[in-house]
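Student: Supplied structure: run.pdb, PDB, C-alpha atoms.
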ATOM      1  CA  MET A   1       0.000   0.000   0.000
ATOM      2  CA  ALA A   2       1.333   3.421  -0.928
ATOM      3  CA  VAL A   3       2.289   5.705   1.946
ATOM      4  CA  SER A   4      -0.206   8.370   0.861
ATOM      5  CA  ALA A   5      -3.051   5.819   0.807
ATOM      6  CA  TRP A   6      -2.045   4.494   4.233
ATOM      7  CA  ARG A   7      -1.904   8.017   5.661
ATOM      8  CA  ALA A   8      -5.288   8.878   4.179
ATOM      9  CA  ARG A   9      -6.823   5.830   5.866
ATOM     10  CA  ARG A  10      -5.121   6.585   9.135
ATOM     11  CA  ASN A  11      -6.245  10.233   9.067
ATOM     12  CA  ALA A  12      -9.821   9.234   8.225
ATOM     13  CA  ARG A  13      -9.946   6.997  11.307
ATOM     14  CA  ALA A  14      -8.287   9.662  13.479
ATOM     15  CA  LEU A  15     -10.696  12.349  12.238
ATOM     16  CA  ALA A  16     -13.713  10.161  12.954
ATOM     17  CA  ARG A  17     -12.457   9.508  16.473
ATOM     18  CA  LEU A  18     -11.653  13.189  17.038
ATOM     19  CA  GLN A  19     -15.115  14.296  15.893
ATOM     20  CA  ARG A  20     -16.744  11.644  18.046
ATOM     21  CA  ASN A  21     -14.998  12.942  21.181
ATOM     22  CA  LEU A  22     -15.022  16.629  20.354
ATOM     23  CA  PRO A  23     -17.093  18.724  22.799
ATOM     24  CA  GLU A  24     -19.439  21.426  21.570
ATOM     25  CA  ILE A  25     -17.011  24.078  22.798
ATOM     26  CA  PHE A  26     -13.404  23.652  21.695
ATOM     27  CA  PRO A  27     -10.627  26.207  20.951
ATOM     28  CA  THR A  28     -10.924  27.031  17.254
ATOM     29  CA  PRO A  29      -7.166  27.609  16.655
ATOM     30  CA  VAL A  30      -6.431  24.174  18.120
ATOM     31  CA  LEU A  31      -9.000  22.473  15.882
ATOM     32  CA  LEU A  32      -7.723  24.235  12.766
ATOM     33  CA  HIS A  33      -4.174  23.252  13.685
ATOM     34  CA  ALA A  34      -5.198  19.610  14.212
ATOM     35  CA  LEU A  35      -6.971  19.359  10.857
ATOM     36  CA  ALA A  36      -3.926  20.799   9.073
ATOM     37  CA  ARG A  37      -1.433  18.328  10.547
ATOM     38  CA  PRO A  38       0.071  15.609   8.312
ATOM     39  CA  PHE A  39      -1.194  13.160  10.942
ATOM     40  CA  ILE A  40      -4.448  14.300  12.531
ATOM     41  CA  PRO A  41      -4.492  13.887  16.339
ATOM     42  CA  PRO A  42      -7.170  11.305  17.244
ATOM     43  CA  THR A  43      -8.317  12.905  20.522
ATOM     44  CA  PRO A  44      -8.994  16.472  21.709
ATOM     45  CA  ARG A  45      -6.268  16.304  24.351
ATOM     46  CA  ARG A  46      -3.646  15.209  21.856
ATOM     47  CA  ALA A  47      -4.792  17.999  19.560
ATOM     48  CA  VAL A  48      -4.180  20.522  22.354
ATOM     49  CA  GLU A  49      -0.763  19.038  23.111
ATOM     50  CA  SER A  50       0.180  19.126  19.413
ATOM     51  CA  TYR A  51      -0.881  22.763  19.168
ATOM     52  CA  TRP A  52       1.359  23.935  22.007
ATOM     53  CA  ARG A  53       4.318  21.824  20.848
ATOM     54  CA  GLN A  54       4.176  23.619  17.528
ATOM     55  CA  HIS A  55       3.857  27.058  19.184
ATOM     56  CA  PRO A  56       6.522  27.145  21.921
ATOM     57  CA  VAL A  57       6.899  30.943  21.787
ATOM     58  CA  ARG A  58       3.189  31.386  22.516
ATOM     59  CA  ALA A  59       3.433  28.778  25.253
ATOM     60  CA  ASP A  60       6.337  30.644  26.852
ATOM     61  CA  THR A  61       4.457  33.953  26.830
ATOM     62  CA  LEU A  62       1.257  32.413  28.200
ATOM     63  CA  ALA A  63       2.994  30.376  30.923
ATOM     64  CA  ARG A  64       4.783  33.471  32.232
ATOM     65  CA  ALA A  65       1.531  35.453  32.174
ATOM     66  CA  LEU A  66      -0.246  32.715  34.154
ATOM     67  CA  ALA A  67       2.607  32.655  36.674
ATOM     68  CA  ALA A  68       2.319  36.426  37.076
ATOM     69  CA  ARG A  69      -1.359  35.948  37.883
ATOM     70  CA  SER A  70      -0.466  33.516  40.674
ATOM     71  CA  GLY A  71       2.391  35.526  42.146
ATOM     72  CA  VAL A  72       5.122  34.220  44.421
ATOM     73  CA  PRO A  73       3.950  31.985  47.298
ATOM     74  CA  GLU A  74       4.465  33.387  50.770
ATOM     75  CA  GLY A  75       7.704  32.219  52.344
ATOM     76  CA  TRP A  76       9.224  30.870  49.138
ATOM     77  CA  ALA A  77      12.852  31.559  48.220
ATOM     78  CA  TRP A  78      14.834  30.365  45.217
ATOM     79  CA  ARG A  79      17.167  27.562  46.285
ATOM     80  CA  ILE A  80      19.380  25.230  44.268
ATOM     81  CA  GLY A  81      21.992  22.578  44.866
ATOM     82  CA  SER A  82      22.084  20.417  47.977
ATOM     83  CA  ARG A  83      20.105  22.842  50.110
ATOM     84  CA  LYS A  84      16.754  21.897  51.557
ATOM     85  CA  PRO A  85      14.008  21.300  50.562
ATOM     86  CA  ALA A  86      14.921  18.073  48.811
ATOM     87  CA  ASP A  87      12.691  18.873  45.827
ATOM     88  CA  ALA A  88      14.585  22.082  45.013
ATOM     89  CA  PRO A  89      16.305  22.021  41.577
ATOM     90  CA  ARG A  90      19.914  20.834  41.470
ATOM     91  CA  GLY A  91      21.169  23.783  39.463
ATOM     92  CA  PHE A  92      20.226  27.043  37.846
ATOM     93  CA  ARG A  93      19.757  25.517  34.404
ATOM     94  CA  ALA A  94      16.173  24.695  35.446
ATOM     95  CA  PRO A  95      13.957  27.731  36.050
ATOM     96  CA  PRO A  96      12.653  28.399  39.552
ATOM     97  CA  ALA A  97       9.272  26.726  40.072
ATOM     98  CA  PRO A  98       7.841  27.189  43.583
ATOM     99  CA  PHE A  99       4.660  25.229  42.881
ATOM    100  CA  ARG A 100       6.728  22.117  42.083
ATOM    101  CA  GLU A 101       7.982  22.085  45.654
ATOM    102  CA  LYS A 102       5.891  20.121  48.154
ATOM    103  CA  ALA A 103       5.687  23.004  50.588
ATOM    104  CA  HIS A 104       3.962  25.261  48.036
ATOM    105  CA  ALA A 105       2.194  22.803  45.702
ATOM    106  CA  ARG A 106      -1.508  23.545  45.268
ATOM    107  CA  GLY A 107      -2.450  19.931  44.671
ATOM    108  CA  PRO A 108      -4.333  18.120  41.888
ATOM    109  CA  GLY A 109      -6.152  20.380  39.496
ATOM    110  CA  TYR A 110      -3.543  23.144  39.689
ATOM    111  CA  CYS A 111      -0.534  23.549  37.439
ATOM    112  CA  CYS A 112       2.780  22.794  39.114
ATOM    113  CA  VAL A 113       4.523  25.419  36.951
ATOM    114  CA  CYS A 114       2.284  28.485  37.096
ATOM    115  CA  GLY A 115      -0.045  27.600  39.981
ATOM    116  CA  GLN A 116      -3.273  28.303  38.054
ATOM    117  CA  PRO A 117      -6.243  25.884  37.713
ATOM    118  CA  VAL A 118      -6.098  23.240  34.970
ATOM    119  CA  PHE A 119      -9.300  22.536  33.054
ATOM    120  CA  ARG A 120     -10.345  20.041  30.393
ATOM    121  CA  PHE A 121      -7.657  18.787  28.014
ATOM    122  CA  GLY A 122      -5.002  20.677  29.994
ATOM    123  CA  TRP A 123      -6.483  24.014  28.924
ATOM    124  CA  HIS A 124      -5.827  27.139  30.980
ATOM    125  CA  ARG A 125      -9.344  28.640  30.802
ATOM    126  CA  ASP A 126     -12.707  27.236  31.857
ATOM    127  CA  LEU A 127     -14.321  27.351  28.423
ATOM    128  CA  TRP A 128     -16.801  24.651  29.389
ATOM    129  CA  ARG A 129     -18.121  26.297  32.576
ATOM    130  CA  ASP A 130     -17.167  23.268  34.657
ATOM    131  CA  GLU A 131     -16.444  25.593  37.579
ATOM    132  CA  HIS A 132     -13.957  23.075  38.983
ATOM    133  CA  PRO A 133     -10.363  22.229  37.949
ATOM    134  CA  ASN A 134      -9.566  18.832  36.473
ATOM    135  CA  ARG A 135      -8.385  16.882  39.524
ATOM    136  CA  ASN A 136      -6.555  14.391  37.298
ATOM    137  CA  ALA A 137      -4.216  17.048  35.903
ATOM    138  CA  SER A 138      -1.270  18.941  37.369
ATOM    139  CA  TRP A 139       0.104  20.617  34.222
ATOM    140  CA  HIS A 140      -1.313  22.969  31.628
ATOM    141  CA  SER A 141      -0.515  21.781  28.126
ATOM    142  CA  CYS A 142       0.991  25.209  27.424
ATOM    143  CA  CYS A 143       3.167  24.939  30.540
ATOM    144  CA  VAL A 144       4.438  21.523  29.433
ATOM    145  CA  ALA A 145       5.582  23.101  26.164
ATOM    146  CA  ALA A 146       6.984  26.151  27.962
ATOM    147  CA  TRP A 147       8.965  24.009  30.434
ATOM    148  CA  SER A 148      10.501  22.057  27.552
ATOM    149  CA  PHE A 149      11.342  25.347  25.851
ATOM    150  CA  TRP A 150      12.957  26.791  28.997
ATOM    151  CA  THR A 151      15.054  23.719  29.806
ATOM    152  CA  ALA A 152      16.124  22.800  26.258
ATOM    153  CA  PRO A 153      15.962  25.986  24.145
ATOM    154  CA  SER A 154      18.391  24.584  21.575
ATOM    155  CA  ASP A 155      15.642  22.187  20.471
ATOM    156  CA  TYR A 156      13.649  25.216  19.305
ATOM    157  CA  VAL A 157      16.338  27.004  17.330
ATOM    158  CA  ARG A 158      14.083  26.987  14.253
ATOM    159  CA  HIS A 159      11.442  29.090  16.004
ATOM    160  CA  LEU A 160      14.003  31.503  17.440
ATOM    161  CA  ARG A 161      15.743  31.935  14.085
ATOM    162  CA  ARG A 162      12.426  32.969  12.582
ATOM    163  CA  LEU A 163      11.887  35.548  15.336
ATOM    164  CA  GLN A 164      15.256  37.134  14.469
ATOM    165  CA  ASN A 165      14.585  37.137  10.742
ATOM    166  CA  HIS A 166      17.492  34.679  10.378
ATOM    167  CA  ARG A 167      20.033  37.298  11.478
ATOM    168  CA  CYS A 168      22.710  36.850  14.148
ATOM    169  CA  ALA A 169      21.678  38.779  17.267
ATOM    170  CA  VAL A 170      25.305  39.844  17.939
ATOM    171  CA  THR A 171      26.830  40.598  14.539
ATOM    172  CA  GLY A 172      23.745  41.132  12.393
ATOM    173  CA  ALA A 173      25.134  38.727   9.788
ATOM    174  CA  ARG A 174      23.080  35.970   8.197
ATOM    175  CA  LEU A 175      22.695  33.037  10.571
ATOM    176  CA  ALA A 176      24.800  30.052   9.544
ATOM    177  CA  ARG A 177      23.584  26.461   9.666
ATOM    178  CA  ASN A 178      25.591  25.851  12.856
ATOM    179  CA  ALA A 179      24.198  28.905  14.698
ATOM    180  CA  GLU A 180      23.533  28.286  18.394
ATOM    181  CA  VAL A 181      21.019  29.386  21.018
ATOM    182  CA  ASP A 182      22.438  31.594  23.757
ATOM    183  CA  HIS A 183      21.159  33.383  26.856
ATOM    184  CA  ARG A 184      21.804  37.123  26.584
ATOM    185  CA  VAL A 185      22.214  37.340  30.361
ATOM    186  CA  PRO A 186      23.995  34.119  31.397
ATOM    187  CA  LEU A 187      22.000  32.025  33.836
ATOM    188  CA  PHE A 188      24.872  31.936  36.326
ATOM    189  CA  GLU A 189      24.610  35.727  36.559
ATOM    190  CA  VAL A 190      20.860  35.481  37.103
ATOM    191  CA  TRP A 191      21.482  33.122  40.015
ATOM    192  CA  ARG A 192      24.311  35.206  41.421
ATOM    193  CA  ASN A 193      22.483  38.535  41.217
ATOM    194  CA  ALA A 194      18.799  37.648  41.684
ATOM    195  CA  GLU A 195      18.717  38.289  45.431
ATOM    196  CA  ARG A 196      20.873  41.414  45.241
ATOM    197  CA  ALA A 197      18.873  42.887  42.348
ATOM    198  CA  GLY A 198      15.580  42.165  44.083
ATOM    199  CA  THR A 199      14.191  40.233  41.101
ATOM    200  CA  SER A 200      11.414  37.970  42.313
ATOM    201  CA  TRP A 201       9.526  35.090  40.804
ATOM    202  CA  PRO A 202       7.755  35.056  38.377
ATOM    203  CA  ALA A 203       9.726  37.907  36.763
ATOM    204  CA  LEU A 204      12.736  35.567  36.920
ATOM    205  CA  LEU A 205      11.119  33.262  34.354
ATOM    206  CA  SER A 206      11.806  35.780  31.592
ATOM    207  CA  TYR A 207      15.507  34.890  31.839
ATOM    208  CA  TRP A 208      14.681  31.373  30.608
ATOM    209  CA  GLY A 209      12.189  32.540  27.999
ATOM    210  CA  VAL A 210      12.160  34.465  24.740
ATOM    211  CA  PRO A 211      13.178  37.850  26.259
ATOM    212  CA  ASN A 212      16.592  36.416  27.210
ATOM    213  CA  LEU A 213      17.171  34.017  24.307
ATOM    214  CA  GLN A 214      19.036  34.753  21.107
ATOM    215  CA  VAL A 215      20.487  32.802  18.203
ATOM    216  CA  ILE A 216      24.056  33.729  17.301
ATOM    217  CA  ASN A 217      26.649  32.331  14.942
ATOM    218  CA  ARG A 218      29.087  29.872  16.443
ATOM    219  CA  SER A 219      32.104  32.178  16.143
ATOM    220  CA  ALA A 220      30.282  34.938  18.036
ATOM    221  CA  HIS A 221      29.142  32.417  20.650
ATOM    222  CA  VAL A 222      32.706  31.195  21.240
ATOM    223  CA  GLU A 223      33.903  34.769  21.706
ATOM    224  CA  LYS A 224      31.045  35.583  24.099
ATOM    225  CA  CYS A 225      31.657  32.442  26.177
ATOM    226  CA  GLY A 226      35.372  33.289  26.393
ATOM    227  CA  ALA A 227      34.606  36.761  27.725
ATOM    228  CA  GLU A 228      32.170  35.302  30.260
ATOM    229  CA  SER A 229      34.743  32.721  31.406
ATOM    230  CA  ALA A 230      37.329  35.458  31.945
ATOM    231  CA  ALA A 231      34.823  37.501  33.952
ATOM    232  CA  ARG A 232      33.947  34.492  36.122
ATOM    233  CA  ALA A 233      37.609  33.774  36.750
ATOM    234  CA  GLY A 234      38.121  37.361  37.883
ATOM    235  CA  LEU A 235      35.156  37.094  40.268
ATOM    236  CA  ARG A 236      36.475  33.850  41.737
ATOM    237  CA  GLN A 237      39.937  35.315  42.259
ATOM    238  CA  ALA A 238      38.497  38.426  43.886
ATOM    239  CA  GLY A 239      36.319  36.314  46.159
ATOM    240  CA  SER A 240      39.219  34.072  47.163
ATOM    241  CA  ALA A 241      41.379  37.066  48.029
ATOM    242  CA  GLU A 242      38.682  38.629  50.222
ATOM    243  CA  ARG A 243      37.604  35.508  52.121
ATOM    244  CA  SER A 244      39.477  33.155  54.368
ATOM    245  CA  PRO A 245      38.614  29.430  54.293
ATOM    246  CA  GLY A 246      36.682  29.786  57.545
ATOM    247  CA  ASP A 247      34.485  32.513  56.073
ATOM    248  CA  LEU A 248      33.175  30.223  53.334
ATOM    249  CA  ALA A 249      31.117  28.017  55.639
ATOM    250  CA  GLY A 250      27.380  28.476  55.184
ATOM    251  CA  THR A 251      27.591  30.638  52.060
ATOM    252  CA  ARG A 252      25.517  30.070  48.936
ATOM    253  CA  PRO A 253      26.978  27.060  47.073
ATOM    254  CA  LEU A 254      28.532  27.841  43.715
ATOM    255  CA  PRO A 255      27.221  25.925  40.694
ATOM    256  CA  SER A 256      29.180  22.967  39.391
ATOM    257  CA  LEU A 257      31.508  23.362  36.443
ATOM    258  CA  GLY A 258      29.007  21.600  34.226
ATOM    259  CA  ASP A 259      26.556  24.443  34.808
ATOM    260  CA  TRP A 260      28.829  27.296  33.766
ATOM    261  CA  HIS A 261      27.808  27.286  30.114
ATOM    262  CA  SER A 262      25.541  30.262  29.430
TER     263      SER A 262
END
Give the structure from this file in structure tokens form.

Tutor:
Amino acid sequence: MAVSAWRARRNARALARLQRNLPEIFPTPVLLHALARPFIPPTPRRAVESYWRQHPVRADTLARALAARSGVPEGWAWRIGSRKPADAPRGFRAPPAPFREKAHARGPGYCCVCGQPVFRFGWHRDLWRDEHPNRNASWHSCCVAAWSFWTAPSDYVRHLRRLQNHRCAVTGARLARNAEVDHRVPLFEVWRNAERAGTSWPALLSYWGVPNLQVINRSAHVEKCGAESAARAGLRQAGSAERSPGDLAGTRPLPSLGDWHS
């Protein structure tokens, strides 16, 4: 059987299943996206998930807006490394997420990233007037896509290149095939300066999202990383000269060497 014939049969079955399970109210952009896919999602939830996977920039913007609506939980502070609580992230490569910690989690039906209620199909708004969150869900579909975007931005270089009109953010030259994703403000600086600068969650999330991401050619990236390494070395030397070994006890742990890449 030809591939096109097999796909047509598969899509016909998937479309019939999707229409059978489709509620009367359903986000129109999601439905249009599903019907335009090479392989039609067979269920409404998978259609929603497919939509946000294909629109990570929108997911990033929406997830940060939902987090701003929740605000920072009382008593929460950004912690990494071996410090308590045990569910704190191990390094600063992962964005701060207070609602993923047991002490501040809002329980089933609320997103563990932004803290807002989760409704049918992982949607972020109660389009169906259910008046109650979905107690079987703990993530918005948009927040799943946003979290993937924040923690592995290099996987979305195609979307970021399009945002920059395929121009290097540093030199302005045409982006080469080997262009790389970079954080404008390195994440180690965000961690080092967050408390001193008074930046609080959820404003911190912008440093993992589109506002702090850029695509630059490899040569420019190598030069930028070299300058950042020299600056870090100067900070370490200055800190060592000012502190005695006994003064280092109880201070904020420095990230591991594997985390220094910006």

Student: List as a list of chain:residue names the residues having at least one atom at most 7 Å from position (1.4, 31.9, 40.2) as given in the file, counting all atoms listed in the file.

Tutor: A:Leu66, A:Ala67, A:Ala68, A:Arg69, A:Ser70, A:Gly71, A:Val72, A:Cys114, A:Gly115, A:Gln116

Student: Just to confirm, what's the straight-line distance from atom CA of A:Pro153 to atom CA of A:Gly209 in Å (one decimal)?

Tutor: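 Taking atom CA of A:Pro153 as the start and atom CA of A:Gly209 as the end point, the length is 8.5 Å.
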
Student: Got a sec to resolve the PyMOL selection byres ((chain A and resi 160) around 9) on this structure and send the residues as a VMD selection string?

Tutor: chain A and resid 57 153 156 to 159 161 to 166 181 210 213 to 215

Student: For A:Phe121, work out the shell of residues within 10 Å, counting only C-alpha atoms and skipping chain neighbours fewer than 4 positions away, then give it as a list of chain:residue names.

Tutor: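 Residues near the query, excluding close chain neighbours: A:Phe26, A:Thr43, A:Pro44, A:Arg45, A:Arg46, A:Ala47, A:Val48, A:Glu49, A:Asn134, A:Ala137, A:His140, A:Ser141.
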
Student: So that I have them on file, write out the residues from the current selection with C-alpha atoms, as a tab-separated table (two decimals), in the frame of the given file.

Tutor:
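As written to disk, out06.tsv reads:
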chain	number	residue	atom	x	y	z
A	26	PHE	CA	-13.40	23.65	21.70
A	43	THR	CA	-8.32	12.90	20.52
A	44	PRO	CA	-8.99	16.47	21.71
A	45	ARG	CA	-6.27	16.30	24.35
A	46	ARG	CA	-3.65	15.21	21.86
A	47	ALA	CA	-4.79	18.00	19.56
A	48	VAL	CA	-4.18	20.52	22.35
A	49	GLU	CA	-0.76	19.04	23.11
A	134	ASN	CA	-9.57	18.83	36.47
A	137	ALA	CA	-4.22	17.05	35.90
A	140	HIS	CA	-1.31	22.97	31.63
A	141	SER	CA	-0.52	21.78	28.13

Student: For a quick check of understanding, using all atoms listed in the file, which of A:Arg13, A:Arg106, A:Arg177, A:Arg37 has the smallest distance to A:Ser50?

Tutor: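 Smallest distance to A:Ser50 is found for A:Arg37.
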
Student: Find the distance between atom CA of A:Arg9 and atom CA of A:Gly122 and write it in Å to one decimal.

Tutor: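 Atom CA of A:Arg9 sits 28.4 Å away from atom CA of A:Gly122.
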
Student: Enumerate, as JSON, numbers by chain, the residues matched when the PyMOL selection byres ((chain A and resi 109) around 7) is run on the file above.

Tutor: {"A": [107, 108, 110, 111, 117, 118, 133, 134, 135, 136, 137, 138]}

Student: So, with only C-alpha atoms as the atoms that count, which of A:Arg218, A:Arg79, A:Asp130, A:Ile40 lies closest to A:Ala16?

Tutor: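 Once distances to A:Ala16 are computed over only C-alpha atoms, the minimum belongs to A:Ile40.
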
Student: Between atom CA of A:Asp60 and atom CA of A:Val170, measure the distance and give it in Å to one decimal.

Tutor: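 Answer for the atom CA of A:Asp60 to atom CA of A:Val170 separation: 22.9 Å.
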
Student: For the file shown, what are the residues hit by the PyMOL selection byres ((chain A and resi 142) around 7), laid out as an MDAnalysis selection string?

Tutor: chainID A and resid 52 59 63 140:141 143:146

Student: Write out the residues from the selection above, keeping C-alpha atoms, as an mmCIF file, in the coordinates of the input.

Tutor:
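This went into out-v8.cif:
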data_model
loop_
_atom_site.group_PDB
_atom_site.id
_atom_site.type_symbol
_atom_site.label_atom_id
_atom_site.label_comp_id
_atom_site.auth_asym_id
_atom_site.auth_seq_id
_atom_site.Cartn_x
_atom_site.Cartn_y
_atom_site.Cartn_z
ATOM 1 C CA TRP A 52 1.359 23.935 22.007
ATOM 2 C CA ALA A 59 3.433 28.778 25.253
ATOM 3 C CA ALA A 63 2.994 30.376 30.923
ATOM 4 C CA HIS A 140 -1.313 22.969 31.628
ATOM 5 C CA SER A 141 -0.515 21.781 28.126
ATOM 6 C CA CYS A 143 3.167 24.939 30.540
ATOM 7 C CA VAL A 144 4.438 21.523 29.433
ATOM 8 C CA ALA A 145 5.582 23.101 26.164
ATOM 9 C CA ALA A 146 6.984 26.151 27.962
#

Student: Excluding same-chain residues fewer than 3 positions from stretch 96-101 of chain A, what lies within 8 Å of it counting all atoms listed in the file, as JSON, numbers by chain?

Tutor: {"A": [72, 73, 76, 78, 85, 87, 88, 89, 92, 104, 105, 106, 111, 112, 113, 114, 115, 201, 204, 205]}

Student: Check the smallest atom-to-atom distance from each of A:Ala220, A:Ala176, A:Val185, A:Ala77 to A:Ser200 using all atoms listed in the file, then report the winner.

Tutor: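 Among the listed residues, A:Ala77 lies closest to A:Ser200.
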
Student: Closest to A:Trp123 among A:Ser148, A:Pro41, A:Ala5, A:Leu62, using all atoms listed in the file?

Tutor: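 Answer, going by the shortest atom-to-atom distance: A:Leu62.
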
Student: Around all the atoms of stretch 130-144 of chain A listed in the file, draw an axis-aligned box and extend it by 8 Å on each of the six sides; I want its centre and edge lengths in Å to one decimal, as lines of an AutoDock Vina configuration file.

Tutor:
center_x = -6.4
center_y = 20.0
center_z = 33.5
size_x = 37.6
size_y = 27.2
size_z = 28.1

Student: Return the single residue from A:Thr171, A:Thr28, A:Asn11, A:Asn21 that is closest to A:Lys224, with distances computed using all atoms listed in the file.

Tutor: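 Nearest to A:Lys224: A:Thr171.
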
Student: Using all atoms listed in the file for the distances, tell me which of A:Leu175, A:Ala230, A:Ser240, A:Asn193 is nearest to A:Asn217.

Tutor: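 Under the stated criterion, the closest residue is A:Leu175.
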